[in-house]
file entry_9.cif (mmCIF, C-alpha atoms)
data_run
loop_
_atom_site.group_PDB
_atom_site.id
_atom_site.type_symbol
_atom_site.label_atom_id
_atom_site.label_comp_id
_atom_site.auth_asym_id
_atom_site.auth_seq_id
_atom_site.Cartn_x
_atom_site.Cartn_y
_atom_site.Cartn_z
ATOM 1 C CA MET U 19 -24.191 28.490 46.887
ATOM 2 C CA GLY U 20 -26.914 26.722 49.013
ATOM 3 C CA LYS U 21 -29.235 24.097 47.657
ATOM 4 C CA ASP U 22 -29.260 25.520 44.117
ATOM 5 C CA GLY U 23 -25.448 25.308 43.929
ATOM 6 C CA ALA U 24 -25.445 21.728 45.213
ATOM 7 C CA LYS U 25 -28.106 20.743 42.667
ATOM 8 C CA THR U 26 -26.129 22.348 39.844
ATOM 9 C CA GLU U 27 -22.976 20.515 40.912
ATOM 10 C CA LYS U 28 -24.800 17.171 41.075
ATOM 11 C CA SER U 29 -26.422 17.703 37.681
ATOM 12 C CA GLY U 30 -22.982 18.579 36.259
ATOM 13 C CA LEU U 31 -21.536 15.356 37.641
ATOM 14 C CA LYS U 32 -24.421 13.360 36.158
ATOM 15 C CA LEU U 33 -23.922 15.011 32.764
ATOM 16 C CA GLY U 34 -20.176 14.309 32.932
ATOM 17 C CA ARG U 35 -20.801 10.636 33.718
ATOM 18 C CA ALA U 36 -23.420 10.448 30.956
ATOM 19 C CA ASP U 37 -20.942 11.925 28.461
ATOM 20 C CA LYS U 38 -18.285 9.416 29.469
ATOM 21 C CA THR U 39 -20.772 6.551 29.170
ATOM 22 C CA GLN U 40 -21.807 7.792 25.746
ATOM 23 C CA GLU U 41 -18.170 8.004 24.646
ATOM 24 C CA VAL U 42 -17.512 4.456 25.832
ATOM 25 C CA LEU U 43 -20.619 3.131 24.054
ATOM 26 C CA MET U 44 -19.614 4.875 20.817
ATOM 27 C CA LEU U 45 -16.077 3.461 20.939
ATOM 28 C CA LEU U 46 -17.159 -0.034 22.015
ATOM 29 C CA PRO U 47 -18.159 -1.367 18.540
ATOM 30 C CA MET U 48 -14.839 -0.243 17.045
ATOM 31 C CA ALA U 49 -12.935 -1.689 20.006
ATOM 32 C CA ILE U 50 -14.720 -5.027 19.628
ATOM 33 C CA GLY U 51 -14.050 -5.049 15.884
ATOM 34 C CA PHE U 52 -10.373 -4.225 16.477
ATOM 35 C CA ALA U 53 -10.056 -7.021 19.051
ATOM 36 C CA LEU U 54 -11.781 -9.615 16.832
ATOM 37 C CA PHE U 55 -10.350 -8.767 13.415
ATOM 38 C CA VAL U 56 -6.931 -7.265 14.233
ATOM 39 C CA LEU U 57 -5.682 -8.168 17.698
ATOM 40 C CA TYR U 58 -6.893 -11.789 17.770
ATOM 41 C CA PRO U 59 -5.464 -12.683 14.296
ATOM 42 C CA ILE U 60 -2.107 -11.143 15.281
ATOM 43 C CA LEU U 61 -1.969 -13.177 18.483
ATOM 44 C CA TRP U 62 -3.098 -16.287 16.554
ATOM 45 C CA VAL U 63 -0.255 -15.893 14.041
ATOM 46 C CA ILE U 64 2.347 -15.250 16.749
ATOM 47 C CA ARG U 65 1.218 -18.350 18.629
ATOM 48 C CA TRP U 66 1.314 -20.765 15.692
ATOM 49 C CA ALA U 67 4.696 -19.486 14.515
ATOM 50 C CA TRP U 68 6.245 -21.790 17.139
ATOM 51 C CA PHE U 69 4.384 -24.934 16.028
ATOM 52 C CA ASN U 70 4.392 -27.459 13.220
ATOM 53 C CA TYR U 71 0.721 -27.321 12.314
ATOM 54 C CA ASP U 72 -1.207 -27.966 9.107
ATOM 55 C CA GLY U 73 -4.702 -27.186 10.381
ATOM 56 C CA TYR U 74 -5.767 -30.845 10.545
ATOM 57 C CA THR U 75 -3.334 -32.999 12.487
ATOM 58 C CA THR U 76 -2.134 -32.465 16.044
ATOM 59 C CA SER U 77 0.124 -29.441 16.410
ATOM 60 C CA ILE U 78 3.714 -30.003 17.588
ATOM 61 C CA PHE U 79 5.726 -27.336 19.395
ATOM 62 C CA ILE U 80 9.072 -26.906 17.592
ATOM 63 C CA GLY U 81 10.378 -23.648 19.058
ATOM 64 C CA PHE U 82 12.579 -21.623 16.693
ATOM 65 C CA GLU U 83 12.598 -24.275 13.943
ATOM 66 C CA ASN U 84 10.260 -22.341 11.633
ATOM 67 C CA PHE U 85 12.382 -19.205 11.972
ATOM 68 C CA ILE U 86 15.605 -21.165 11.424
ATOM 69 C CA ARG U 87 14.090 -22.681 8.291
ATOM 70 C CA ALA U 88 13.137 -19.220 6.983
ATOM 71 C CA PHE U 89 16.579 -17.718 7.569
ATOM 72 C CA SER U 90 18.747 -20.642 6.486
ATOM 73 C CA ARG U 91 16.808 -22.969 4.184
ATOM 74 C CA ASP U 92 14.331 -20.851 2.251
ATOM 75 C CA PRO U 93 15.993 -18.557 -0.321
ATOM 76 C CA ALA U 94 12.676 -18.305 -2.198
ATOM 77 C CA PHE U 95 11.190 -16.310 0.693
ATOM 78 C CA TRP U 96 13.992 -13.754 0.611
ATOM 79 C CA ARG U 97 13.781 -13.578 -3.182
ATOM 80 C CA SER U 98 10.075 -12.796 -2.880
ATOM 81 C CA LEU U 99 10.863 -10.116 -0.293
ATOM 82 C CA GLY U 100 13.488 -8.647 -2.635
ATOM 83 C CA ASN U 101 10.959 -8.631 -5.487
ATOM 84 C CA THR U 102 8.504 -6.798 -3.259
ATOM 85 C CA MET U 103 11.063 -4.133 -2.335
ATOM 86 C CA TYR U 104 12.070 -3.758 -5.978
ATOM 87 C CA ILE U 105 8.473 -3.178 -7.101
ATOM 88 C CA ALA U 106 7.818 -0.775 -4.213
ATOM 89 C CA VAL U 107 10.891 1.388 -4.878
ATOM 90 C CA ILE U 108 10.439 1.571 -8.677
ATOM 91 C CA LYS U 109 6.754 2.307 -8.261
ATOM 92 C CA LEU U 110 7.412 5.095 -5.747
ATOM 93 C CA LEU U 111 9.988 6.748 -7.994
ATOM 94 C CA ILE U 112 7.372 6.987 -10.749
ATOM 95 C CA GLU U 113 4.126 7.326 -8.837
ATOM 96 C CA ILE U 114 4.905 10.183 -6.446
ATOM 97 C CA PRO U 115 6.266 12.655 -9.067
ATOM 98 C CA LEU U 116 3.456 11.693 -11.463
ATOM 99 C CA ALA U 117 0.757 12.236 -8.835
ATOM 100 C CA MET U 118 2.297 15.561 -7.723
ATOM 101 C CA ILE U 119 2.596 16.942 -11.257
ATOM 102 C CA LEU U 120 -0.917 15.896 -12.303
ATOM 103 C CA ALA U 121 -2.325 17.277 -9.052
ATOM 104 C CA SER U 122 -0.567 20.574 -9.736
ATOM 105 C CA PHE U 123 -2.174 20.816 -13.186
ATOM 106 C CA LEU U 124 -5.638 19.746 -12.012
ATOM 107 C CA ASN U 125 -5.517 22.160 -9.079
ATOM 108 C CA GLY U 126 -5.376 25.038 -11.540
ATOM 109 C CA LYS U 127 -8.216 26.557 -13.503
ATOM 110 C CA ILE U 128 -8.280 24.280 -16.542
ATOM 111 C CA ARG U 129 -11.327 23.288 -18.531
ATOM 112 C CA GLY U 130 -12.763 19.874 -17.639
ATOM 113 C CA ARG U 131 -10.633 19.391 -14.545
ATOM 114 C CA THR U 132 -13.481 17.587 -12.747
ATOM 115 C CA VAL U 133 -13.708 15.031 -15.557
ATOM 116 C CA PHE U 134 -9.953 14.454 -15.412
ATOM 117 C CA ARG U 135 -10.007 14.083 -11.634
ATOM 118 C CA VAL U 136 -12.786 11.496 -11.771
ATOM 119 C CA SER U 137 -11.088 9.645 -14.639
ATOM 120 C CA TYR U 138 -7.763 9.400 -12.816
ATOM 121 C CA PHE U 139 -9.386 8.480 -9.492
ATOM 122 C CA LEU U 140 -11.783 5.847 -10.894
ATOM 123 C CA PRO U 141 -9.215 2.976 -11.089
ATOM 124 C CA SER U 142 -8.606 3.348 -7.333
ATOM 125 C CA VAL U 143 -12.147 2.179 -6.524
ATOM 126 C CA LEU U 144 -12.164 -0.799 -8.898
ATOM 127 C CA SER U 145 -11.504 -4.330 -7.696
ATOM 128 C CA VAL U 146 -7.787 -5.062 -8.005
ATOM 129 C CA ALA U 147 -8.536 -8.686 -8.928
ATOM 130 C CA VAL U 148 -10.832 -7.616 -11.770
ATOM 131 C CA VAL U 149 -8.264 -5.067 -12.984
ATOM 132 C CA GLY U 150 -5.553 -7.730 -12.896
ATOM 133 C CA LEU U 151 -7.718 -10.126 -14.903
ATOM 134 C CA ILE U 152 -8.449 -7.469 -17.549
ATOM 135 C CA PHE U 153 -4.785 -6.537 -17.919
ATOM 136 C CA SER U 154 -3.721 -10.196 -18.044
ATOM 137 C CA ILE U 155 -6.016 -10.609 -21.063
ATOM 138 C CA MET U 156 -4.761 -7.358 -22.626
ATOM 139 C CA PHE U 157 -1.102 -8.396 -22.267
ATOM 140 C CA SER U 158 -1.663 -11.999 -23.330
ATOM 141 C CA SER U 159 1.137 -13.382 -25.507
ATOM 142 C CA TYR U 160 -1.213 -14.961 -28.045
ATOM 143 C CA ASN U 161 -4.329 -12.869 -28.580
ATOM 144 C CA GLY U 162 -3.748 -9.851 -26.350
ATOM 145 C CA ILE U 163 -4.803 -6.437 -27.597
ATOM 146 C CA ILE U 164 -1.439 -4.874 -26.708
ATOM 147 C CA ASN U 165 0.509 -7.251 -28.959
ATOM 148 C CA ALA U 166 -2.058 -6.780 -31.721
ATOM 149 C CA LEU U 167 -1.783 -2.995 -31.441
ATOM 150 C CA LEU U 168 2.026 -3.028 -31.490
ATOM 151 C CA ARG U 169 2.030 -5.308 -34.552
ATOM 152 C CA SER U 170 -0.479 -3.117 -36.395
ATOM 153 C CA LEU U 171 1.673 -0.040 -35.714
ATOM 154 C CA GLY U 172 4.778 -1.839 -36.980
ATOM 155 C CA PHE U 173 6.710 -1.714 -33.696
ATOM 156 C CA ILE U 174 7.054 -5.512 -33.431
ATOM 157 C CA ARG U 175 7.004 -8.433 -35.844
ATOM 158 C CA LYS U 176 6.221 -11.199 -33.357
ATOM 159 C CA ASN U 177 4.304 -11.179 -30.115
ATOM 160 C CA ILE U 178 6.062 -10.165 -26.899
ATOM 161 C CA ASN U 179 5.816 -12.599 -24.007
ATOM 162 C CA PHE U 180 4.802 -9.977 -21.449
ATOM 163 C CA LEU U 181 3.873 -12.267 -18.568
ATOM 164 C CA GLY U 182 6.197 -15.185 -19.301
ATOM 165 C CA ARG U 183 9.500 -13.357 -18.798
ATOM 166 C CA ARG U 184 10.621 -11.851 -15.526
ATOM 167 C CA ASP U 185 11.544 -8.340 -16.692
ATOM 168 C CA ASN U 186 8.470 -8.021 -18.902
ATOM 169 C CA ALA U 187 6.231 -9.296 -16.120
ATOM 170 C CA PHE U 188 7.657 -6.767 -13.658
ATOM 171 C CA PHE U 189 6.974 -4.012 -16.199
ATOM 172 C CA VAL U 190 3.315 -5.064 -16.440
ATOM 173 C CA ILE U 191 2.959 -5.448 -12.657
ATOM 174 C CA ILE U 192 4.361 -1.977 -11.979
ATOM 175 C CA LEU U 193 2.279 -0.445 -14.786
ATOM 176 C CA VAL U 194 -0.988 -1.951 -13.518
ATOM 177 C CA SER U 195 -0.183 -1.119 -9.912
ATOM 178 C CA LEU U 196 0.532 2.490 -10.878
ATOM 179 C CA TRP U 197 -2.723 2.729 -12.821
ATOM 180 C CA THR U 198 -4.755 1.533 -9.831
ATOM 181 C CA SER U 199 -3.164 3.700 -7.144
ATOM 182 C CA PHE U 200 -1.723 6.976 -8.434
ATOM 183 C CA GLY U 201 -5.191 8.583 -8.734
ATOM 184 C CA LEU U 202 -5.800 8.344 -4.990
ATOM 185 C CA ASN U 203 -2.403 9.902 -4.251
ATOM 186 C CA MET U 204 -3.201 12.639 -6.741
ATOM 187 C CA ILE U 205 -6.344 13.493 -4.747
ATOM 188 C CA TYR U 206 -4.269 13.692 -1.550
ATOM 189 C CA PHE U 207 -1.898 16.145 -3.207
ATOM 190 C CA ILE U 208 -4.761 18.252 -4.591
ATOM 191 C CA MET U 209 -6.143 18.620 -1.064
ATOM 192 C CA GLY U 210 -2.674 19.593 0.140
ATOM 193 C CA TYR U 211 -2.259 22.169 -2.641
ATOM 194 C CA GLN U 212 -5.582 23.790 -1.790
ATOM 195 C CA ASN U 213 -4.283 24.645 1.695
ATOM 196 C CA ILE U 214 -1.341 26.644 0.314
ATOM 197 C CA PRO U 215 -1.995 30.415 0.479
ATOM 198 C CA LYS U 216 -2.304 31.963 -2.984
ATOM 199 C CA GLU U 217 -0.404 35.025 -1.763
ATOM 200 C CA LEU U 218 2.829 33.026 -1.723
ATOM 201 C CA TYR U 219 2.586 32.376 -5.466
ATOM 202 C CA GLU U 220 1.668 35.990 -6.153
ATOM 203 C CA CYS U 221 4.700 37.248 -4.224
ATOM 204 C CA ALA U 222 6.935 34.731 -6.003
ATOM 205 C CA SER U 223 5.623 35.882 -9.390
ATOM 206 C CA ILE U 224 6.366 39.503 -8.506
ATOM 207 C CA ASP U 225 9.907 38.472 -7.555
ATOM 208 C CA GLY U 226 10.324 36.872 -10.983
ATOM 209 C CA ALA U 227 10.017 33.162 -10.075
ATOM 210 C CA ASN U 228 8.728 30.965 -12.891
ATOM 211 C CA VAL U 229 6.310 28.032 -12.555
ATOM 212 C CA VAL U 230 9.033 25.435 -11.990
ATOM 213 C CA GLN U 231 10.759 27.538 -9.324
ATOM 214 C CA GLN U 232 7.432 28.113 -7.567
ATOM 215 C CA PHE U 233 6.740 24.387 -7.586
ATOM 216 C CA ILE U 234 10.157 23.505 -6.137
ATOM 217 C CA HIS U 235 10.458 26.299 -3.550
ATOM 218 C CA ILE U 236 6.824 26.791 -2.513
ATOM 219 C CA THR U 237 4.620 23.842 -3.452
ATOM 220 C CA VAL U 238 6.903 20.978 -2.412
ATOM 221 C CA PRO U 239 7.893 22.426 1.023
ATOM 222 C CA MET U 240 4.303 23.423 1.852
ATOM 223 C CA VAL U 241 2.917 20.021 0.899
ATOM 224 C CA ALA U 242 5.700 18.114 2.712
ATOM 225 C CA PRO U 243 3.409 16.644 5.452
ATOM 226 C CA VAL U 244 1.073 15.226 2.813
ATOM 227 C CA LEU U 245 4.073 13.954 0.841
ATOM 228 C CA GLN U 246 5.400 12.153 3.922
ATOM 229 C CA LEU U 247 2.044 10.443 4.490
ATOM 230 C CA VAL U 248 1.583 9.495 0.825
ATOM 231 C CA ILE U 249 5.065 7.971 0.570
ATOM 232 C CA MET U 250 4.509 5.830 3.661
ATOM 233 C CA LEU U 251 1.022 4.675 2.635
ATOM 234 C CA SER U 252 2.116 3.922 -0.934
ATOM 235 C CA PHE U 253 5.182 1.990 0.159
ATOM 236 C CA LEU U 254 3.332 -0.097 2.754
ATOM 237 C CA GLY U 255 0.434 -0.642 0.361
ATOM 238 C CA THR U 256 2.796 -1.989 -2.306
ATOM 239 C CA LEU U 257 4.478 -4.297 0.195
ATOM 240 C CA ARG U 258 1.052 -5.807 0.969
ATOM 241 C CA MET U 259 0.324 -6.468 -2.716
ATOM 242 C CA THR U 260 -1.292 -9.900 -3.112
ATOM 243 C CA ASP U 261 -4.315 -10.277 -5.396
ATOM 244 C CA LEU U 262 -2.792 -8.375 -8.322
ATOM 245 C CA ILE U 263 0.182 -10.752 -8.472
ATOM 246 C CA LEU U 264 -1.998 -13.848 -8.056
ATOM 247 C CA VAL U 265 -4.189 -12.820 -10.997
ATOM 248 C CA LEU U 266 -1.498 -11.430 -13.306
ATOM 249 C CA THR U 267 1.389 -13.900 -12.970
ATOM 250 C CA ASN U 268 0.811 -16.119 -9.915
ATOM 251 C CA GLY U 269 4.566 -15.849 -9.382
ATOM 252 C CA ALA U 270 5.462 -17.063 -12.888
ATOM 253 C CA PRO U 271 7.802 -17.661 -14.551
ATOM 254 C CA GLY U 272 9.215 -20.152 -12.075
ATOM 255 C CA GLY U 273 8.423 -18.050 -9.012
ATOM 256 C CA THR U 274 10.621 -15.150 -10.166
ATOM 257 C CA THR U 275 7.771 -12.624 -9.801
ATOM 258 C CA GLU U 276 6.601 -13.945 -6.448
ATOM 259 C CA VAL U 277 6.120 -11.253 -3.809
ATOM 260 C CA VAL U 278 6.267 -11.818 -0.084
ATOM 261 C CA MET U 279 2.512 -11.729 0.568
ATOM 262 C CA THR U 280 1.661 -14.206 -2.179
ATOM 263 C CA TYR U 281 4.462 -16.473 -0.939
ATOM 264 C CA ILE U 282 3.000 -16.482 2.583
ATOM 265 C CA PHE U 283 -0.542 -16.805 1.220
ATOM 266 C CA LYS U 284 0.316 -20.011 -0.624
ATOM 267 C CA TYR U 285 1.619 -21.660 2.554
ATOM 268 C CA PHE U 286 -1.504 -20.633 4.454
ATOM 269 C CA PHE U 287 -4.025 -21.857 1.879
ATOM 270 C CA GLN U 288 -2.220 -24.685 0.022
ATOM 271 C CA TYR U 289 -2.303 -22.594 -3.150
ATOM 272 C CA GLY U 290 -0.298 -23.836 -6.114
ATOM 273 C CA GLU U 291 0.798 -27.155 -7.535
ATOM 274 C CA ALA U 292 3.888 -27.419 -5.329
ATOM 275 C CA MET U 293 1.871 -27.189 -2.110
ATOM 276 C CA THR U 294 0.837 -30.639 -0.947
ATOM 277 C CA ARG U 295 -0.599 -29.432 2.370
ATOM 278 C CA THR U 296 -1.131 -26.245 4.329
ATOM 279 C CA GLN U 297 1.656 -25.161 6.649
ATOM 280 C CA PHE U 298 0.082 -22.785 9.135
ATOM 281 C CA GLY U 299 3.078 -22.864 11.471
ATOM 282 C CA TYR U 300 5.684 -21.960 8.875
ATOM 283 C CA ALA U 301 3.401 -19.412 7.191
ATOM 284 C CA SER U 302 2.827 -17.762 10.580
ATOM 285 C CA ALA U 303 6.588 -17.544 11.162
ATOM 286 C CA LEU U 304 7.050 -15.926 7.749
ATOM 287 C CA ALA U 305 4.260 -13.474 8.550
ATOM 288 C CA VAL U 306 5.918 -12.537 11.861
ATOM 289 C CA ILE U 307 9.295 -11.985 10.143
ATOM 290 C CA THR U 308 7.680 -9.856 7.431
ATOM 291 C CA ALA U 309 5.744 -7.795 9.990
ATOM 292 C CA ILE U 310 8.945 -7.087 11.926
ATOM 293 C CA ILE U 311 10.764 -6.041 8.743
ATOM 294 C CA LEU U 312 7.905 -3.696 7.764
ATOM 295 C CA ALA U 313 7.798 -2.234 11.283
ATOM 296 C CA VAL U 314 11.552 -1.551 11.204
ATOM 297 C CA ILE U 315 11.299 0.101 7.770
ATOM 298 C CA THR U 316 8.385 2.258 8.949
ATOM 299 C CA LEU U 317 10.209 3.341 12.120
ATOM 300 C CA ILE U 318 13.353 4.212 10.144
ATOM 301 C CA TYR U 319 11.308 6.243 7.672
ATOM 302 C CA LEU U 320 9.440 8.115 10.415
ATOM 303 C CA ARG U 321 12.688 8.840 12.232
ATOM 304 C CA MET U 322 14.316 10.138 9.053
ATOM 305 C CA SER U 323 11.264 12.304 8.364
ATOM 306 C CA ARG U 324 11.424 13.739 11.873
ATOM 307 C CA LYS U 325 15.123 14.519 11.425
ATOM 308 C CA MET U 326 14.416 16.263 8.134
ATOM 309 C CA LYS U 327 11.750 18.404 9.784
ATOM 310 C CA GLU U 328 14.192 19.364 12.545
ATOM 311 C CA ILE U 329 16.819 20.328 9.945
ATOM 312 C CA GLN U 330 14.319 22.399 7.950
ATOM 313 C CA GLY U 331 12.998 23.978 11.125
#

call {"tool": "encode", "arguments": {"input": "entry_9.cif", "output": "structure tokens"}}
result
Amino acid sequence: MGKDGAKTEKSGLKLGRADKTQEVLMLLPMAIGFALFVLYPILWVIRWAWFNYDGYTTSIFIGFENFIRAFSRDPAFWRSLGNTMYIAVIKLLIEIPLAMILASFLNGKIRGRTVFRVSYFLPSVLSVAVVGLIFSIMFSSYNGIINALLRSLGFIRKNINFLGRRDNAFFVIILVSLWTSFGLNMIYFIMGYQNIPKELYECASIDGANVVQQFIHITVPMVAPVLQLVIMLSFLGTLRMTDLILVLTNGAPGGTTEVVMTYIFKYFFQYGEAMTRTQFGYASALAVITAIILAVITLIYLRMSRKMKEIQG
């Protein structure tokens, strides 16, 4: 050991410190961005939830008044939350099986699968606001191409009011939302399918299992971790839906298609004819309540998923 050993030890310590410094410097920009654009807005919202504040006049501390108003005097907020849950559940029931089945087909050796993959994935990278505007024109009650096509085919005699009736509007919202998001989930499932050993399917074929049985007993269990992630991301993504609703229906007719994020948005930015002034305090309280509800739903889902894994294990 002597002097050479001491020098080696010192150089090792210097390299270790240099590595740690490099790690800190690499993480610092992301940490600063997280503090400025995530942590600070969260703390800002939590703070103003306890005030009566419109962004212009002097703020007044009112304690739990905003929360009491939300729970006891604002049925429109809970209706918007119910609409959001309704859209999320219906969309999941259609989107996940559709993405899994299409991914299963496109994971096989079919001609033109790359073209199909790109075609299905393309809507996921388009601006949701632009997509909403295009579909609002397509489903217009007066000169929309969908009504014109249905009339030319003889399915209808008079135009359908797609966006002016609650049930019809929900149909359009779910359809457009599916079109913009299922392609990304399909890509997730394709990546999951590619990690499944081919030998499992070969053994199942030798044992006499058909394609459907292989899908149920091999594909679905093996892709379960990806399925768990996709369900959570899709559900939370739907609950945060804002711009699509604003462009398609703006909550019409009569606020019956309002979702929770557009409802909060309108209080924050004085959006809509009924808003005479911004209400930062009340909007912040609604945002806090919604965040807590989403956190509880996420925790319940993760706990249920963990229990299912323990049962299967």

call {"tool": "residues_around", "arguments": {"input": "entry_9.cif", "residues": "range 139-150 of chain U", "least_positions_apart": "2", "cutoff": "12 Å", "atoms": "all atoms listed in the file", "output": "VMD selection string"}}
result
chain U and resid 117 120 to 121 132 to 137 152 to 158 181 190 to 206 208 259 to 268

call {"tool": "residues_near_point", "arguments": {"input": "entry_9.cif", "point": "(9.2, -10.2, -20.4)", "cutoff": "12 Å", "atoms": "only C-alpha atoms", "output": "ChimeraX atom specification"}}
result
/U:157-159,177-191,267,270-271,274-275

call {"tool": "atom_distance", "arguments": {"input": "entry_9.cif", "atom1": "CA of Val314 in chain U", "atom2": "CA of Leu54 in chain U"}}
result
25.3 Å

call {"tool": "atom_distance", "arguments": {"input": "entry_9.cif", "atom1": "CA of Ile249 in chain U", "atom2": "CA of Phe283 in chain U"}}
result
25.4 Å

call {"tool": "resolve_selection", "arguments": {"input": "entry_9.cif", "expression": "the PyMOL selection byres ((chain U and resi 103) around 12)", "output": "mmCIF file with C-alpha atoms, keeping the file's coordinate frame"}}
result
data_model
loop_
_atom_site.group_PDB
_atom_site.id
_atom_site.type_symbol
_atom_site.label_atom_id
_atom_site.label_comp_id
_atom_site.auth_asym_id
_atom_site.auth_seq_id
_atom_site.Cartn_x
_atom_site.Cartn_y
_atom_site.Cartn_z
ATOM 1 C CA TRP U 96 13.992 -13.754 0.611
ATOM 2 C CA ARG U 97 13.781 -13.578 -3.182
ATOM 3 C CA SER U 98 10.075 -12.796 -2.880
ATOM 4 C CA LEU U 99 10.863 -10.116 -0.293
ATOM 5 C CA GLY U 100 13.488 -8.647 -2.635
ATOM 6 C CA ASN U 101 10.959 -8.631 -5.487
ATOM 7 C CA THR U 102 8.504 -6.798 -3.259
ATOM 8 C CA TYR U 104 12.070 -3.758 -5.978
ATOM 9 C CA ILE U 105 8.473 -3.178 -7.101
ATOM 10 C CA ALA U 106 7.818 -0.775 -4.213
ATOM 11 C CA VAL U 107 10.891 1.388 -4.878
ATOM 12 C CA ILE U 108 10.439 1.571 -8.677
ATOM 13 C CA LYS U 109 6.754 2.307 -8.261
ATOM 14 C CA LEU U 110 7.412 5.095 -5.747
ATOM 15 C CA ILE U 192 4.361 -1.977 -11.979
ATOM 16 C CA PHE U 253 5.182 1.990 0.159
ATOM 17 C CA LEU U 254 3.332 -0.097 2.754
ATOM 18 C CA GLY U 255 0.434 -0.642 0.361
ATOM 19 C CA THR U 256 2.796 -1.989 -2.306
ATOM 20 C CA LEU U 257 4.478 -4.297 0.195
ATOM 21 C CA ARG U 258 1.052 -5.807 0.969
ATOM 22 C CA MET U 259 0.324 -6.468 -2.716
ATOM 23 C CA THR U 275 7.771 -12.624 -9.801
ATOM 24 C CA GLU U 276 6.601 -13.945 -6.448
ATOM 25 C CA VAL U 277 6.120 -11.253 -3.809
ATOM 26 C CA VAL U 278 6.267 -11.818 -0.084
ATOM 27 C CA MET U 279 2.512 -11.729 0.568
ATOM 28 C CA THR U 308 7.680 -9.856 7.431
ATOM 29 C CA ILE U 311 10.764 -6.041 8.743
ATOM 30 C CA LEU U 312 7.905 -3.696 7.764
ATOM 31 C CA ILE U 315 11.299 0.101 7.770
#

call {"tool": "atom_distance", "arguments": {"input": "entry_9.cif", "atom1": "CA of Val56 in chain U", "atom2": "CA of Leu251 in chain U"}}
result
18.4 Å
